[in-house]
Amino acid sequence: MNKEQLLKVENLHVSVGDKEILHGVDLTVGRDEIHVLMGPNGTGKSTLGYAVTGNPAYSVTEGRILFDGEDITDMPVNERAKRGIFLSFQNPLEVPGVTLSAFIRSALEQKTGSLRLWDFKKKLAETMKLLQMDASYAERDLNVGFSGGEKKKAEILQMLMLEPKLAILDETDSGLDVDAVRTVSEGVRLYRERVHGSLLIITHSTRILEALHVDAAHVMENGVIVKNGGAELVGAINESGFAAVNAQD
Ligand code: ADP
Ligand code: MG
């Protein structure tokens, strides 16, 4: 594996139960690159995100996943997180009894070992301020009673605190109001500036892409990637739809 390559997905077949959803996906994301994954609903985009992060409900039946030069295909989810893979869910879980602050602290400790409370609190407060999030958020139970926009903000905060090498954002911008989209865009910009990590952005909209330099775009249909291109692909799809763009070659 080329050392500039951070994530390399090779001929990936993924099943849920006995139903195969991904039928041989190939995808390479370089260091410090922004990739966009598009495609109609139900084609397997979220499934790819879950397979890369190691969700046990999604089993790899063929192919492999390399991350940072290491084969992670059979690695448990926490080991992958430790190596720097982060997924922002399309539908984040609510966790009663665990505050957002405690959740982030425990995730960070899993990754880096023990952490002084003072240092953690300082970094959390500083990051929340950058995201223009009210500090009281951190003491609320994770996602319980959060609006759609608040859940997304909470995830962007997690991303900035955990500093992953690769962040997969799954429809992080869909259904959000203008302010929430702005927070997500600002969070992504800060992540790039501070962490220099790579991004795989699964999206239907161009709103959070406007301020970013997209290195590559991929189109998935029926569990395979049917088209690869540059930033221009995103614009072409938004203008004329998947069918027209795919018919072009
Ligand atoms: P996308 O994100 O592109 O909309 P998904 O990856 O969510 O697509 O889903 C692809 C297909 O796999 C769909 O037919 C969906 O119903 C099925 N699928 C995904 N996850 C599960 C699951 N946990 N259990 C059963 N079917 C699933
Ligand atoms: Mg999805």
# chains A, B, ... in the order shown; residues from 1 in each chain; ligands from 1
$ residues_near_ligand --ligand "ligand 1" --cutoff "6 Å" --atoms "only C-alpha atoms and all ligand atoms" --output "CSV table (one decimal) with all heavy atoms, in the first residue's frame"
chain,number,residue,atom,x,y,z
A,16,VAL,N,-25.7,-8.3,5.3
A,16,VAL,CA,-26.4,-8.2,6.5
A,16,VAL,C,-27.2,-9.4,6.6
A,16,VAL,O,-28.1,-9.6,5.7
A,16,VAL,CB,-27.3,-6.9,6.6
A,16,VAL,CG1,-28.1,-7.0,7.9
A,16,VAL,CG2,-26.4,-5.7,6.6
A,21,ILE,N,-25.2,-6.8,0.4
A,21,ILE,CA,-25.6,-5.4,0.0
A,21,ILE,C,-24.5,-4.8,-0.8
A,21,ILE,O,-24.8,-4.1,-1.8
A,21,ILE,CB,-25.8,-4.6,1.3
A,21,ILE,CG1,-27.0,-5.2,2.1
A,21,ILE,CG2,-26.1,-3.2,1.0
A,21,ILE,CD1,-27.2,-4.8,3.5
A,41,ASN,N,-30.8,6.6,-2.8
A,41,ASN,CA,-31.1,5.9,-1.5
A,41,ASN,C,-31.2,4.4,-1.7
A,41,ASN,O,-31.6,3.9,-2.7
A,41,ASN,CB,-32.5,6.4,-1.0
A,41,ASN,CG,-32.5,7.8,-0.5
A,41,ASN,OD1,-31.4,8.3,0.0
A,41,ASN,ND2,-33.6,8.5,-0.7
A,42,GLY,N,-30.7,3.7,-0.6
A,42,GLY,CA,-30.7,2.3,-0.6
A,42,GLY,C,-29.7,1.6,-1.4
A,42,GLY,O,-29.8,0.4,-1.7
A,43,THR,N,-28.6,2.3,-1.9
A,43,THR,CA,-27.6,1.7,-2.7
A,43,THR,C,-26.4,1.1,-2.0
A,43,THR,O,-25.6,0.4,-2.5
A,43,THR,CB,-27.1,2.6,-3.8
A,43,THR,OG1,-26.6,3.8,-3.1
A,43,THR,CG2,-28.1,3.0,-4.8
A,44,GLY,N,-26.3,1.4,-0.7
A,44,GLY,CA,-25.3,0.8,0.1
A,44,GLY,C,-24.2,1.8,0.7
A,44,GLY,O,-23.2,1.4,1.2
A,45,LYS,N,-24.5,3.1,0.6
A,45,LYS,CA,-23.5,4.1,1.0
A,45,LYS,C,-23.3,4.0,2.6
A,45,LYS,O,-22.1,3.9,3.0
A,45,LYS,CB,-24.0,5.5,0.7
A,45,LYS,CG,-24.3,5.7,-0.8
A,45,LYS,CD,-24.7,7.1,-1.1
A,45,LYS,CE,-26.0,7.6,-0.4
A,45,LYS,NZ,-27.2,6.8,-0.8
A,46,SER,N,-24.4,4.0,3.3
A,46,SER,CA,-24.2,3.8,4.8
A,46,SER,C,-23.6,2.5,5.1
A,46,SER,O,-22.8,2.4,6.1
A,46,SER,CB,-25.6,3.9,5.5
A,46,SER,OG,-26.1,5.2,5.3
A,47,THR,N,-24.0,1.5,4.4
A,47,THR,CA,-23.4,0.1,4.6
A,47,THR,C,-21.8,0.2,4.5
A,47,THR,O,-21.1,-0.4,5.3
A,47,THR,CB,-24.0,-0.9,3.6
A,47,THR,OG1,-25.4,-1.0,3.9
A,47,THR,CG2,-23.3,-2.3,3.8
$ select_by_dssp --residues "stretch 61-92 of chain A" --states "alpha helix (DSSP H)" --output "list in words"
Val77, Asn78, Glu79, Arg80, Ala81, Lys82 and Arg83 of chain A
$ write_last_selection --atoms "C-alpha atoms" --output "PDB file, in the first residue's frame"
ATOM      1  CA  VAL A  77     -14.885  -1.439  16.199  1.00  0.00           C
ATOM      2  CA  ASN A  78     -13.004   0.009  19.200  1.00  0.00           C
ATOM      3  CA  GLU A  79      -9.628  -0.978  17.733  1.00  0.00           C
ATOM      4  CA  ARG A  80     -10.503   0.821  14.535  1.00  0.00           C
ATOM      5  CA  ALA A  81     -11.621   3.899  16.470  1.00  0.00           C
ATOM      6  CA  LYS A  82      -8.305   3.823  18.315  1.00  0.00           C
ATOM      7  CA  ARG A  83      -6.491   3.872  14.986  1.00  0.00           C
TER       8      ARG A  83
END
$ closest_residue --among "A:Leu108, A:Val25, A:Ile201, A:Val181" --to "A:Gln158" --atoms "only C-alpha atoms"
A:Leu108
$ residues_around --residues "A:Thr203" --least-positions-apart "6" --cutoff "12 Å" --atoms "only C-alpha atoms" --output "list of chain:residue names"
A:His35, A:Val36, A:Leu37, A:Met38, A:Gly39, A:Pro40, A:Asn41, A:Lys45, A:Ser46, A:Gln90, A:Ile168, A:Leu169, A:Asp170, A:Glu171, A:Thr172, A:Asp173, A:Ser174, A:Gly175, A:Leu209, A:Ala217, A:His218, A:Val219, A:Met220, A:Val234, A:Ile237, A:Asn238
$ closest_residue --among "A:Leu48, A:Ala244, A:Leu6, A:Ala231" --to "ligand 2" --atoms "only C-alpha atoms and all ligand atoms"
A:Leu48
$ closest_residue --among "A:Arg182, A:His23, A:Arg31, A:His13" --to "A:Ser59" --atoms "only C-alpha atoms"
A:His13
$ residues_around --residues "A:Thr73" --least-positions-apart "5" --cutoff "10 Å" --atoms "only C-alpha atoms" --output "ChimeraX atom specification"
/A:9,12,51-54,59-60,62-67,80
$ write_last_selection --atoms "C-alpha atoms" --output "compact mmCIF listing (two decimals), in the first residue's frame"
# COMPACT_ATOMS: atom_id res chain seq x y z
CA VAL A 9 -11.15 -0.75 0.24
CA LEU A 12 -15.46 -5.41 -0.69
CA ALA A 51 -18.26 -1.82 7.21
CA VAL A 52 -15.26 0.51 7.38
CA THR A 53 -15.91 1.40 11.04
CA GLY A 54 -16.49 -2.25 11.95
CA SER A 59 -20.08 -8.82 7.69
CA VAL A 60 -17.37 -8.76 5.10
CA GLU A 62 -14.96 -11.10 0.46
CA GLY A 63 -12.30 -8.45 -0.12
CA ARG A 64 -10.47 -6.37 2.48
CA ILE A 65 -10.10 -3.00 4.14
CA LEU A 66 -6.68 -1.47 4.67
CA PHE A 67 -6.19 1.53 6.94
CA ARG A 80 -10.50 0.82 14.54
$ closest_residue --among "A:Gln5, A:Gly113, A:Leu100, A:Gly30" --to "A:Glu155" --atoms "only C-alpha atoms"
A:Leu100
$ residues_around --residues "A:Leu176" --least-positions-apart "3" --cutoff "12 Å" --atoms "only C-alpha atoms" --output "ChimeraX atom specification"
/A:90,147-153,171-173,179-185,205,207-208
$ write_last_selection --atoms "all heavy atoms" --output "short mmCIF file (atom, residue, chain, number, x, y, z; two decimals), in the first residue's frame"
data_model
loop_
_atom_site.label_atom_id
_atom_site.label_comp_id
_atom_site.auth_asym_id
_atom_site.auth_seq_id
_atom_site.Cartn_x
_atom_site.Cartn_y
_atom_site.Cartn_z
N GLN A 90 -25.95 8.53 10.31
CA GLN A 90 -27.12 9.17 9.72
C GLN A 90 -28.18 9.39 10.80
O GLN A 90 -28.84 10.41 10.87
CB GLN A 90 -27.66 8.28 8.60
CG GLN A 90 -28.61 8.98 7.67
CD GLN A 90 -28.89 8.16 6.41
OE1 GLN A 90 -28.28 7.12 6.18
NE2 GLN A 90 -29.79 8.64 5.60
N SER A 147 -32.48 18.12 19.17
CA SER A 147 -33.09 18.27 17.84
C SER A 147 -32.13 17.68 16.81
O SER A 147 -30.97 17.39 17.13
CB SER A 147 -33.31 19.75 17.55
OG SER A 147 -32.06 20.36 17.33
N GLY A 148 -32.61 17.50 15.58
CA GLY A 148 -31.74 16.99 14.51
C GLY A 148 -30.45 17.81 14.40
O GLY A 148 -29.35 17.26 14.33
N GLY A 149 -30.60 19.11 14.43
CA GLY A 149 -29.45 20.00 14.31
C GLY A 149 -28.49 19.84 15.49
O GLY A 149 -27.28 19.82 15.32
N GLU A 150 -29.07 19.70 16.71
CA GLU A 150 -28.22 19.55 17.90
C GLU A 150 -27.45 18.24 17.88
O GLU A 150 -26.29 18.17 18.29
CB GLU A 150 -29.09 19.64 19.16
CG GLU A 150 -29.60 21.05 19.42
CD GLU A 150 -30.65 21.13 20.52
OE1 GLU A 150 -31.31 20.10 20.82
OE2 GLU A 150 -30.81 22.22 21.09
N LYS A 151 -28.08 17.18 17.39
CA LYS A 151 -27.38 15.89 17.28
C LYS A 151 -26.17 16.01 16.35
O LYS A 151 -25.10 15.48 16.62
CB LYS A 151 -28.32 14.82 16.72
CG LYS A 151 -29.33 14.31 17.74
CD LYS A 151 -30.20 13.23 17.14
CE LYS A 151 -31.24 12.77 18.17
NZ LYS A 151 -32.22 11.86 17.64
N LYS A 152 -26.37 16.70 15.25
CA LYS A 152 -25.27 16.86 14.29
C LYS A 152 -24.15 17.68 14.88
O LYS A 152 -22.98 17.37 14.72
CB LYS A 152 -25.77 17.50 13.00
CG LYS A 152 -26.71 16.62 12.20
CD LYS A 152 -26.08 15.29 11.88
CE LYS A 152 -27.11 14.32 11.35
NZ LYS A 152 -26.60 12.96 11.16
N LYS A 153 -24.53 18.74 15.60
CA LYS A 153 -23.51 19.58 16.24
C LYS A 153 -22.71 18.75 17.24
O LYS A 153 -21.50 18.88 17.36
CB LYS A 153 -24.15 20.75 16.96
CG LYS A 153 -24.65 21.85 16.05
CD LYS A 153 -25.12 23.02 16.88
CE LYS A 153 -25.71 24.11 16.02
NZ LYS A 153 -26.07 25.30 16.80
N GLU A 171 -24.46 11.69 5.59
CA GLU A 171 -25.60 12.61 5.46
C GLU A 171 -25.71 13.54 6.66
O GLU A 171 -26.79 13.80 7.17
CB GLU A 171 -26.89 11.84 5.20
CG GLU A 171 -26.74 10.96 3.98
CD GLU A 171 -28.04 10.59 3.30
OE1 GLU A 171 -29.06 11.22 3.59
OE2 GLU A 171 -28.01 9.69 2.46
N THR A 172 -24.55 14.04 7.06
CA THR A 172 -24.48 14.94 8.20
C THR A 172 -25.23 16.24 7.94
O THR A 172 -25.63 16.93 8.87
CB THR A 172 -22.99 15.20 8.53
OG1 THR A 172 -22.45 13.96 8.97
CG2 THR A 172 -22.78 16.22 9.60
N ASP A 173 -25.46 16.55 6.68
CA ASP A 173 -26.08 17.84 6.38
C ASP A 173 -27.56 17.73 5.97
O ASP A 173 -28.20 18.72 5.72
CB ASP A 173 -25.31 18.56 5.26
CG ASP A 173 -25.10 17.67 4.05
OD1 ASP A 173 -25.30 16.44 4.16
OD2 ASP A 173 -24.75 18.20 2.99
N ASP A 179 -28.52 27.31 10.12
CA ASP A 179 -27.54 27.48 11.20
C ASP A 179 -26.78 26.19 11.47
O ASP A 179 -25.57 26.20 11.68
CB ASP A 179 -28.24 27.90 12.50
CG ASP A 179 -28.57 29.38 12.47
OD1 ASP A 179 -28.07 30.08 11.57
OD2 ASP A 179 -29.32 29.82 13.36
N ALA A 180 -27.50 25.06 11.47
CA ALA A 180 -26.86 23.78 11.73
C ALA A 180 -25.89 23.42 10.60
O ALA A 180 -24.79 22.92 10.85
CB ALA A 180 -27.90 22.69 11.92
N VAL A 181 -26.30 23.71 9.38
CA VAL A 181 -25.39 23.45 8.24
C VAL A 181 -24.12 24.29 8.39
O VAL A 181 -23.02 23.81 8.14
CB VAL A 181 -26.08 23.76 6.88
CG1 VAL A 181 -25.07 23.75 5.74
CG2 VAL A 181 -27.18 22.75 6.61
N ARG A 182 -24.30 25.52 8.85
CA ARG A 182 -23.15 26.40 9.05
C ARG A 182 -22.22 25.80 10.11
O ARG A 182 -21.00 25.82 9.95
CB ARG A 182 -23.62 27.79 9.45
CG ARG A 182 -22.58 28.85 9.25
CD ARG A 182 -23.17 30.25 9.38
NE ARG A 182 -24.10 30.58 8.32
CZ ARG A 182 -25.23 31.29 8.51
NH1 ARG A 182 -25.57 31.71 9.70
NH2 ARG A 182 -26.01 31.56 7.48
N THR A 183 -22.78 25.28 11.20
CA THR A 183 -21.94 24.67 12.24
C THR A 183 -21.18 23.47 11.69
O THR A 183 -20.00 23.28 11.95
CB THR A 183 -22.80 24.19 13.43
OG1 THR A 183 -23.57 25.28 13.90
CG2 THR A 183 -21.93 23.66 14.55
N VAL A 184 -21.89 22.64 10.91
CA VAL A 184 -21.25 21.46 10.33
C VAL A 184 -20.11 21.90 9.40
O VAL A 184 -18.99 21.38 9.49
CB VAL A 184 -22.28 20.58 9.58
CG1 VAL A 184 -21.57 19.48 8.81
CG2 VAL A 184 -23.27 19.96 10.56
N SER A 185 -20.37 22.87 8.54
CA SER A 185 -19.32 23.34 7.62
C SER A 185 -18.14 23.90 8.38
O SER A 185 -16.98 23.63 8.05
CB SER A 185 -19.82 24.48 6.71
OG SER A 185 -21.05 24.17 6.18
N SER A 205 -26.35 16.71 -0.87
CA SER A 205 -26.41 18.16 -1.06
C SER A 205 -25.00 18.72 -1.21
O SER A 205 -24.02 18.11 -0.80
CB SER A 205 -27.13 18.79 0.13
OG SER A 205 -26.25 19.61 0.85
N ARG A 207 -24.29 21.72 -0.04
CA ARG A 207 -24.16 22.85 0.88
C ARG A 207 -22.89 22.81 1.74
O ARG A 207 -22.21 23.81 1.86
CB ARG A 207 -25.39 22.97 1.78
CG ARG A 207 -26.61 23.40 1.00
CD ARG A 207 -27.77 23.59 1.93
NE ARG A 207 -28.06 22.39 2.69
CZ ARG A 207 -28.98 22.29 3.62
NH1 ARG A 207 -29.69 23.34 3.95
NH2 ARG A 207 -29.20 21.16 4.25
N ILE A 208 -22.59 21.63 2.31
CA ILE A 208 -21.39 21.63 3.15
C ILE A 208 -20.12 21.51 2.32
O ILE A 208 -19.02 21.61 2.83
CB ILE A 208 -21.40 20.57 4.28
CG1 ILE A 208 -21.31 19.15 3.75
CG2 ILE A 208 -22.57 20.72 5.20
CD1 ILE A 208 -20.92 18.17 4.86
#
$ atom_distance --atom1 "atom CA of A:Ala167" --atom2 "atom CA of A:Ala135"
23.9 Å
$ decode --residues "stretch 74-101 of chain A" --atoms "N, CA and C atoms" --output "PDB file, in the first residue's frame"
ATOM      1  N   ASP A  74     -10.850  -7.568   9.901  1.00  0.00           N
ATOM      2  CA  ASP A  74     -11.446  -8.354  10.981  1.00  0.00           C
ATOM      3  C   ASP A  74     -11.285  -7.704  12.352  1.00  0.00           C
ATOM      4  N   MET A  75     -10.921  -6.440  12.358  1.00  0.00           N
ATOM      5  CA  MET A  75     -10.652  -5.763  13.631  1.00  0.00           C
ATOM      6  C   MET A  75     -11.946  -5.247  14.270  1.00  0.00           C
ATOM      7  N   PRO A  76     -12.069  -5.387  15.611  1.00  0.00           N
ATOM      8  CA  PRO A  76     -13.283  -4.863  16.272  1.00  0.00           C
ATOM      9  C   PRO A  76     -13.375  -3.335  16.207  1.00  0.00           C
ATOM     10  N   VAL A  77     -14.578  -2.847  16.390  1.00  0.00           N
ATOM     11  CA  VAL A  77     -14.885  -1.439  16.199  1.00  0.00           C
ATOM     12  C   VAL A  77     -14.024  -0.504  17.060  1.00  0.00           C
ATOM     13  N   ASN A  78     -13.781  -0.886  18.327  1.00  0.00           N
ATOM     14  CA  ASN A  78     -13.004   0.009  19.200  1.00  0.00           C
ATOM     15  C   ASN A  78     -11.539   0.111  18.779  1.00  0.00           C
ATOM     16  N   GLU A  79     -11.005  -1.003  18.228  1.00  0.00           N
ATOM     17  CA  GLU A  79      -9.628  -0.978  17.733  1.00  0.00           C
ATOM     18  C   GLU A  79      -9.502  -0.050  16.528  1.00  0.00           C
ATOM     19  N   ARG A  80     -10.523  -0.060  15.713  1.00  0.00           N
ATOM     20  CA  ARG A  80     -10.503   0.821  14.535  1.00  0.00           C
ATOM     21  C   ARG A  80     -10.604   2.279  14.971  1.00  0.00           C
ATOM     22  N   ALA A  81     -11.467   2.528  15.965  1.00  0.00           N
ATOM     23  CA  ALA A  81     -11.621   3.899  16.470  1.00  0.00           C
ATOM     24  C   ALA A  81     -10.285   4.394  17.024  1.00  0.00           C
ATOM     25  N   LYS A  82      -9.605   3.491  17.735  1.00  0.00           N
ATOM     26  CA  LYS A  82      -8.305   3.823  18.315  1.00  0.00           C
ATOM     27  C   LYS A  82      -7.295   4.211  17.238  1.00  0.00           C
ATOM     28  N   ARG A  83      -7.402   3.572  16.091  1.00  0.00           N
ATOM     29  CA  ARG A  83      -6.491   3.872  14.986  1.00  0.00           C
ATOM     30  C   ARG A  83      -6.877   5.131  14.224  1.00  0.00           C
ATOM     31  N   GLY A  84      -8.059   5.668  14.587  1.00  0.00           N
ATOM     32  CA  GLY A  84      -8.407   6.966  13.998  1.00  0.00           C
ATOM     33  C   GLY A  84      -9.481   6.955  12.935  1.00  0.00           C
ATOM     34  N   ILE A  85     -10.458   6.049  13.073  1.00  0.00           N
ATOM     35  CA  ILE A  85     -11.598   6.071  12.154  1.00  0.00           C
ATOM     36  C   ILE A  85     -12.820   6.560  12.918  1.00  0.00           C
ATOM     37  N   PHE A  86     -13.507   7.532  12.358  1.00  0.00           N
ATOM     38  CA  PHE A  86     -14.667   8.130  13.014  1.00  0.00           C
ATOM     39  C   PHE A  86     -15.840   8.132  12.055  1.00  0.00           C
ATOM     40  N   LEU A  87     -17.011   7.728  12.546  1.00  0.00           N
ATOM     41  CA  LEU A  87     -18.215   7.765  11.720  1.00  0.00           C
ATOM     42  C   LEU A  87     -19.284   8.613  12.386  1.00  0.00           C
ATOM     43  N   SER A  88     -19.769   9.577  11.640  1.00  0.00           N
ATOM     44  CA  SER A  88     -20.920  10.342  12.100  1.00  0.00           C
ATOM     45  C   SER A  88     -22.157   9.691  11.498  1.00  0.00           C
ATOM     46  N   PHE A  89     -23.013   9.160  12.350  1.00  0.00           N
ATOM     47  CA  PHE A  89     -24.157   8.363  11.890  1.00  0.00           C
ATOM     48  C   PHE A  89     -25.230   9.201  11.209  1.00  0.00           C
ATOM     49  N   GLN A  90     -25.951   8.530  10.314  1.00  0.00           N
ATOM     50  CA  GLN A  90     -27.119   9.170   9.717  1.00  0.00           C
ATOM     51  C   GLN A  90     -28.185   9.387  10.798  1.00  0.00           C
ATOM     52  N   ASN A  91     -28.354   8.403  11.686  1.00  0.00           N
ATOM     53  CA  ASN A  91     -29.320   8.507  12.787  1.00  0.00           C
ATOM     54  C   ASN A  91     -28.642   8.206  14.116  1.00  0.00           C
ATOM     55  N   PRO A  92     -28.076   9.210  14.781  1.00  0.00           N
ATOM     56  CA  PRO A  92     -27.306   8.962  16.003  1.00  0.00           C
ATOM     57  C   PRO A  92     -28.169   8.410  17.138  1.00  0.00           C
ATOM     58  N   LEU A  93     -27.546   7.565  17.951  1.00  0.00           N
ATOM     59  CA  LEU A  93     -28.236   6.923  19.077  1.00  0.00           C
ATOM     60  C   LEU A  93     -28.447   7.882  20.244  1.00  0.00           C
ATOM     61  N   GLU A  94     -29.526   7.668  20.970  1.00  0.00           N
ATOM     62  CA  GLU A  94     -29.736   8.404  22.211  1.00  0.00           C
ATOM     63  C   GLU A  94     -29.239   7.531  23.359  1.00  0.00           C
ATOM     64  N   VAL A  95     -28.472   8.116  24.276  1.00  0.00           N
ATOM     65  CA  VAL A  95     -27.935   7.340  25.390  1.00  0.00           C
ATOM     66  C   VAL A  95     -28.306   7.990  26.717  1.00  0.00           C
ATOM     67  N   PRO A  96     -29.454   7.599  27.296  1.00  0.00           N
ATOM     68  CA  PRO A  96     -29.859   8.197  28.569  1.00  0.00           C
ATOM     69  C   PRO A  96     -28.864   7.836  29.668  1.00  0.00           C
ATOM     70  N   GLY A  97     -28.587   8.782  30.554  1.00  0.00           N
ATOM     71  CA  GLY A  97     -27.695   8.501  31.685  1.00  0.00           C
ATOM     72  C   GLY A  97     -26.225   8.765  31.398  1.00  0.00           C
ATOM     73  N   VAL A  98     -25.878   9.049  30.134  1.00  0.00           N
ATOM     74  CA  VAL A  98     -24.480   9.369  29.816  1.00  0.00           C
ATOM     75  C   VAL A  98     -24.458  10.759  29.174  1.00  0.00           C
ATOM     76  N   THR A  99     -23.766  11.677  29.827  1.00  0.00           N
ATOM     77  CA  THR A  99     -23.744  13.033  29.256  1.00  0.00           C
ATOM     78  C   THR A  99     -22.828  13.069  28.029  1.00  0.00           C
ATOM     79  N   LEU A 100     -23.064  14.068  27.203  1.00  0.00           N
ATOM     80  CA  LEU A 100     -22.223  14.259  26.025  1.00  0.00           C
ATOM     81  C   LEU A 100     -20.764  14.385  26.433  1.00  0.00           C
ATOM     82  N   SER A 101     -20.516  15.135  27.484  1.00  0.00           N
ATOM     83  CA  SER A 101     -19.160  15.330  27.977  1.00  0.00           C
ATOM     84  C   SER A 101     -18.512  14.000  28.412  1.00  0.00           C
TER      85      SER A 101
END
